[in-house]
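All remarks here apply to the structure that follows.
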Amino acid sequence: MRAAGAGAGQLAPVAAPGIAGGGRGGPELASLQPQQLPPQRGRNVDRRGTLPHFGKWQAKSQRPGSSILPTFVTTTFVVEAMGAANAQLRWKRMETRQEEEDDDDSSSASDSDVLAQDTYERAEKRPILSVQRRGSNLFEITDRVEMGQMASMFFNKVGVNLFYFCIIIYLYGDLAIYAAAVPFSLMQVTCSALGNDSCGVESDSKYNDTDPCWGPLRRVDAYRIYLAVFTLLLGPFTFFDVQKTKYLQILTSLMRWIAFAIMIVLALVRIAHGRGEGHPPLADLSGVRNLLGVCVYSFMCQHSLPSLLTPVSSKRHLTRLVFLDYVLILAFYGLLSFTAIFCFRGDSLLDMYTLNFARCDVVGLAAVRFFLGLFPVFTISTNFPIIAVTLRNNWKTLFHREGGTYPWVVDRVVFPTITLLPPVLVAFCTHDLESLVGITGAYAGTGIQYVIPAFLVYLCRKDTQLAFGYGTVNKHRSPFRHTFWVGFVLLWAFSCFFFVTANIVLSETKL
């Protein structure tokens, strides 16, 4: 199925440096930046891998790489779709040039119209053999074709709308997690059940929201005060555009590396000195229900692949490069997870893993305690405005019609308001980061990471065969080229959906 062009909007994220060189992220999330209306180049950052921030349940599961196979499969699917999209764009440009040359040689306007129509029909119906004879590799990835543009090329109108709906829901989940994580970290560091405490978080302490924080103020009151300040400081950016964040994102990435290294080293030292508190069982099936949703969230990168891979100069061994990248990410996740489960008791691990190091008995140096305790505040605060602007622009793209413009009130007030209010209200009602991450990853994240790539590769293969002939080979085709793998990915996506839904139901009924 093919939609008419890329009018439905194009996404254009820009990846920041991450764990594995080319942009594999640190403790952040993921966002998408569509074109502005009117079009202009958007700037954004790729954020993937949430373990340093939201590590308790993934550390408990003891299997940080359980979803790496289906994730790698869908990554190769997106690369194949990128090659097919480049081939179609390249062929259309060649057809356009041919039409212009034919128009110059035509003696009348009527002859030109007939020739153009005949050229268009040939482009749609006959295999392209002459192009390959001239040595032009149609499937070379030279143009950055974002997932939004690929969706508009291979999906019908309903599919494009569902794609943007999935993106919007995912970004709402991102913003809700961010809006809850910053106030939660500030509350944990600055409050304790006994009053002010320079260590911020005490060992073996279990706090309730109704426990006192400062004088008559309860912990939940402090949390909501921090949430209000967070919203007032960063919320106004939603009403404007966020650009030129390159150096800010480089600084954020550097902080991620430092935080990763400090936490791993501190945990290893604590274990080596015999002070490790964790004695995990061989397996804990109770964590499986939420494991899949969190793994989806941790390995999210598919939507940023066009920005990450298109600039690569030599794409001859692209699949191998991506595979090595996943191995490196899995190694980091595994090292961080296993040091966590042996360093801390499972029942004492906090949702924000960095907060486990804001304890005097774990870290003696106050500066390091505060750096790790407030680390999510620094990194999340820099990315919240970018994700908010991205979500606002996706709303605009979803409702945009060709040739239409929005009234000033709708463009500058309504869209930013519907972007900002829902996640802030969710954060006001709950700061249960484990549930927010699991739900966002299992529902909207599953769509982006598994469902959309599976349908993209299936439809682009059919489209390529119709447009270029059945003998045409995409040089970037996935090694998982059998249709079985498309079904496997969709089945895995359904499993993620089912397990997280079961986790929610069973948790509510306390079974």
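Letters A, B, ... mark the chains of the structure tokens in the order given; residue numbers begin at 1 per chain; ligand numbers begin at 1, in order shown.
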
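Every protein or nucleic acid residue with an atom no more than 8 Å from Phe344 in chain A, counting only C-alpha atoms and leaving out same-chain residues fewer than 2 positions away, appears here: Gly276, Glu277, Gly278, Ala340, Ile341, Phe342, Gly346, Ser348 and Leu349 of chain A.
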
Requested in this report: Could you tell me which of A:Asp325, A:Glu100, A:Asp241, A:Asp143 comes closest to Ile68 in chain A if we count only C-alpha atoms?
Outcome: A:Asp325

**Report entry** Two-atom distance - CA of Asp463 in chain A, CA of Tyr450 in chain A (Å)
**Finding:** 20.1 Å

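Between CA of Val73 in chain A and CA of Thr319 in chain A there is a distance of 10.2 Å.
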
Query raised in the report: Quick one: of A:Pro183, A:Gly83, A:Pro376, A:Gly148, who's nearest to Ile448 in chain A, counting only C-alpha atoms?
Result: A:Gly148

When you look at Ile225 in chain A with a cut-off of 12 Å (counting only C-alpha atoms), what residues show up, excluding the ones that are within fewer than 6 positions of it in the same chain? I need them as an mmCIF file with N, CA and C atoms, in the first residue's frame.
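Okay, result36.cif is ready:
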```cif
data_model
loop_
_atom_site.group_PDB
_atom_site.id
_atom_site.type_symbol
_atom_site.label_atom_id
_atom_site.label_comp_id
_atom_site.auth_asym_id
_atom_site.auth_seq_id
_atom_site.Cartn_x
_atom_site.Cartn_y
_atom_site.Cartn_z
ATOM 1 N N ALA A 180 7.624 13.286 36.539
ATOM 2 C CA ALA A 180 7.598 12.646 37.856
ATOM 3 C C ALA A 180 8.994 12.375 38.392
ATOM 4 N N VAL A 182 11.971 14.004 38.040
ATOM 5 C CA VAL A 182 12.729 15.124 38.604
ATOM 6 C C VAL A 182 12.240 15.487 40.002
ATOM 7 N N PRO A 183 10.936 15.739 40.209
ATOM 8 C CA PRO A 183 10.482 16.030 41.576
ATOM 9 C C PRO A 183 10.717 14.880 42.546
ATOM 10 N N PHE A 184 10.594 13.646 42.048
ATOM 11 C CA PHE A 184 10.823 12.498 42.915
ATOM 12 C C PHE A 184 12.266 12.463 43.402
ATOM 13 N N LEU A 186 14.372 14.999 43.647
ATOM 14 C CA LEU A 186 14.571 16.118 44.572
ATOM 15 C C LEU A 186 13.964 15.815 45.935
ATOM 16 N N MET A 187 12.784 15.204 45.933
ATOM 17 C CA MET A 187 12.135 14.859 47.196
ATOM 18 C C MET A 187 12.970 13.834 47.965
ATOM 19 N N CYS A 213 8.450 15.983 55.861
ATOM 20 C CA CYS A 213 9.646 16.354 55.118
ATOM 21 C C CYS A 213 10.325 17.535 55.801
ATOM 22 N N LEU A 217 5.305 20.210 56.441
ATOM 23 C CA LEU A 217 5.168 19.729 55.062
ATOM 24 C C LEU A 217 5.418 18.228 54.978
ATOM 25 N N ARG A 218 4.504 17.540 54.295
ATOM 26 C CA ARG A 218 4.680 16.115 54.057
ATOM 27 C C ARG A 218 5.544 15.895 52.817
ATOM 28 N N ARG A 219 6.011 14.661 52.661
ATOM 29 C CA ARG A 219 6.830 14.348 51.495
ATOM 30 C C ARG A 219 6.058 14.576 50.195
ATOM 31 N N THR A 231 7.445 22.557 36.424
ATOM 32 C CA THR A 231 6.528 22.929 35.342
ATOM 33 C C THR A 231 6.650 24.404 34.989
ATOM 34 N N LEU A 232 6.759 25.262 35.996
ATOM 35 C CA LEU A 232 6.859 26.698 35.739
ATOM 36 C C LEU A 232 8.173 27.070 35.050
ATOM 37 N N ALA A 427 1.753 13.162 36.463
ATOM 38 C CA ALA A 427 2.813 13.245 37.464
ATOM 39 C C ALA A 427 2.284 13.761 38.794
ATOM 40 N N PHE A 428 1.281 14.629 38.757
ATOM 41 C CA PHE A 428 0.683 15.125 39.996
ATOM 42 C C PHE A 428 -0.035 14.008 40.746
#
```

Using only C-alpha atoms, which protein or nucleic acid residues come within 8 Å of Leu268 in chain A? Drop anything in the same chain fewer than 4 positions from it, and give the result as a PDB file with N, CA and C atoms, in the first residue's frame.
```
ATOM      1  N   ILE A 264      29.100   1.899  38.619  1.00  0.00           N
ATOM      2  CA  ILE A 264      29.650   0.558  38.446  1.00  0.00           C
ATOM      3  C   ILE A 264      30.857   0.346  39.360  1.00  0.00           C
ATOM      4  N   ALA A 272      33.423  -6.118  46.458  1.00  0.00           N
ATOM      5  CA  ALA A 272      34.755  -6.669  46.714  1.00  0.00           C
ATOM      6  C   ALA A 272      35.133  -6.603  48.183  1.00  0.00           C
ATOM      7  N   THR A 339      25.821  -5.810  38.995  1.00  0.00           N
ATOM      8  CA  THR A 339      26.444  -5.157  40.153  1.00  0.00           C
ATOM      9  C   THR A 339      25.376  -4.621  41.097  1.00  0.00           C
ATOM     10  N   CYS A 343      24.913  -5.815  44.940  1.00  0.00           N
ATOM     11  CA  CYS A 343      25.333  -4.747  45.854  1.00  0.00           C
ATOM     12  C   CYS A 343      24.222  -4.346  46.808  1.00  0.00           C
TER      13      CYS A 343
END
```

Report task. Within 9 Å of Tyr172 in chain A, counting only C-alpha atoms, which residues show up once you throw out same-chain ones fewer than 2 positions away? Write them as JSON, numbers by chain, please. Result -> {"A": [167, 168, 169, 170, 174, 175, 176, 177, 387, 388, 391, 419, 420, 422, 423, 440]}

Report task. Report the residues of range 251-498 of chain A whose backbone DSSP state falls under helix (DSSP H, G or I), written as a count of residues only. Result -> 186

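Distances to Leu309 in chain A were evaluated for A:His476, A:Lys396, A:Arg224, A:His279 using only C-alpha atoms, and the minimum falls at A:His476.
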
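All residues in range 209-444 of chain A with a DSSP state of strand (DSSP E or B), computed from the backbone, read Pro212, Cys213, Trp214, Leu217, Arg218 and Met352 of chain A.
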
Next, the residues of the selection above should be written as a PDB file, in the first residue's frame with all heavy atoms.
```pdb
ATOM      1  N   PRO A 212       6.658  13.197  57.261  1.00  0.00           N
ATOM      2  CA  PRO A 212       7.070  14.603  57.241  1.00  0.00           C
ATOM      3  C   PRO A 212       8.351  14.810  56.439  1.00  0.00           C
ATOM      4  O   PRO A 212       9.211  13.940  56.369  1.00  0.00           O
ATOM      5  CB  PRO A 212       7.291  14.923  58.720  1.00  0.00           C
ATOM      6  CG  PRO A 212       7.600  13.613  59.362  1.00  0.00           C
ATOM      7  CD  PRO A 212       6.786  12.599  58.619  1.00  0.00           C
ATOM      8  N   CYS A 213       8.450  15.983  55.861  1.00  0.00           N
ATOM      9  CA  CYS A 213       9.646  16.354  55.118  1.00  0.00           C
ATOM     10  C   CYS A 213      10.325  17.535  55.801  1.00  0.00           C
ATOM     11  O   CYS A 213      11.390  17.391  56.390  1.00  0.00           O
ATOM     12  CB  CYS A 213       9.293  16.702  53.669  1.00  0.00           C
ATOM     13  SG  CYS A 213      10.725  17.161  52.655  1.00  0.00           S
ATOM     14  N   TRP A 214       9.723  18.713  55.709  1.00  0.00           N
ATOM     15  CA  TRP A 214      10.235  19.891  56.411  1.00  0.00           C
ATOM     16  C   TRP A 214       9.125  20.429  57.297  1.00  0.00           C
ATOM     17  O   TRP A 214       8.129  20.956  56.790  1.00  0.00           O
ATOM     18  CB  TRP A 214      10.649  20.998  55.434  1.00  0.00           C
ATOM     19  CG  TRP A 214      11.475  20.523  54.286  1.00  0.00           C
ATOM     20  CD1 TRP A 214      12.598  19.778  54.351  1.00  0.00           C
ATOM     21  CD2 TRP A 214      11.214  20.767  52.899  1.00  0.00           C
ATOM     22  NE1 TRP A 214      13.078  19.550  53.105  1.00  0.00           N
ATOM     23  CE2 TRP A 214      12.258  20.145  52.183  1.00  0.00           C
ATOM     24  CE3 TRP A 214      10.233  21.467  52.195  1.00  0.00           C
ATOM     25  CZ2 TRP A 214      12.316  20.178  50.803  1.00  0.00           C
ATOM     26  CZ3 TRP A 214      10.308  21.511  50.820  1.00  0.00           C
ATOM     27  CH2 TRP A 214      11.337  20.873  50.139  1.00  0.00           C
ATOM     28  N   LEU A 217       5.305  20.210  56.441  1.00  0.00           N
ATOM     29  CA  LEU A 217       5.168  19.729  55.062  1.00  0.00           C
ATOM     30  C   LEU A 217       5.418  18.228  54.978  1.00  0.00           C
ATOM     31  O   LEU A 217       6.401  17.714  55.511  1.00  0.00           O
ATOM     32  CB  LEU A 217       6.146  20.450  54.137  1.00  0.00           C
ATOM     33  CG  LEU A 217       5.809  21.881  53.721  1.00  0.00           C
ATOM     34  CD1 LEU A 217       6.900  22.423  52.812  1.00  0.00           C
ATOM     35  CD2 LEU A 217       4.462  21.933  53.014  1.00  0.00           C
ATOM     36  N   ARG A 218       4.504  17.540  54.295  1.00  0.00           N
ATOM     37  CA  ARG A 218       4.680  16.115  54.057  1.00  0.00           C
ATOM     38  C   ARG A 218       5.544  15.895  52.817  1.00  0.00           C
ATOM     39  O   ARG A 218       5.780  16.802  52.032  1.00  0.00           O
ATOM     40  CB  ARG A 218       3.319  15.444  53.859  1.00  0.00           C
ATOM     41  CG  ARG A 218       2.364  15.589  55.035  1.00  0.00           C
ATOM     42  CD  ARG A 218       0.988  15.085  54.637  1.00  0.00           C
ATOM     43  NE  ARG A 218       0.459  15.843  53.495  1.00  0.00           N
ATOM     44  CZ  ARG A 218      -0.627  15.503  52.798  1.00  0.00           C
ATOM     45  NH1 ARG A 218      -1.287  14.396  53.129  1.00  0.00           N
ATOM     46  NH2 ARG A 218      -1.050  16.252  51.795  1.00  0.00           N
ATOM     47  N   MET A 352      14.535   4.935  41.228  1.00  0.00           N
ATOM     48  CA  MET A 352      15.616   5.681  40.593  1.00  0.00           C
ATOM     49  C   MET A 352      16.928   5.101  41.099  1.00  0.00           C
ATOM     50  O   MET A 352      17.331   5.328  42.238  1.00  0.00           O
ATOM     51  CB  MET A 352      15.512   7.161  40.950  1.00  0.00           C
ATOM     52  CG  MET A 352      14.178   7.783  40.613  1.00  0.00           C
ATOM     53  SD  MET A 352      13.979   8.057  38.855  1.00  0.00           S
ATOM     54  CE  MET A 352      15.044   9.447  38.619  1.00  0.00           C
TER      55      MET A 352
END
```

Query - Spatial neighbours of Phe399 in chain A, 12 Å, only C-alpha atoms, chain gap at least 2 places, as a VMD selection string - result: chain A and resid 7 to 9 37 160 to 161 164 to 165 392 to 397 401 to 402 404 to 406 410 to 411 415

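The shell of residues at most 8 Å from range 451-454 of chain A, with only C-alpha atoms counted and near chain neighbours (fewer than 5 positions) removed, consists of A:Thr74, A:Thr75, A:Phe77, A:Val78, A:Phe163, A:Gln302, A:Thr446, A:Val486, A:Val489, A:Leu490, A:Ala493.
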
Report task. Work out how far CA of Val437 in chain A is from CA of Val294 in chain A, in Å to one decimal. Result -> 6.3 Å

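Of the listed residues A:Leu305, A:Val457, A:Phe371, A:Asp351, the one whose atoms come nearest to His482 in chain A is A:Val457, with distances taken using only C-alpha atoms.
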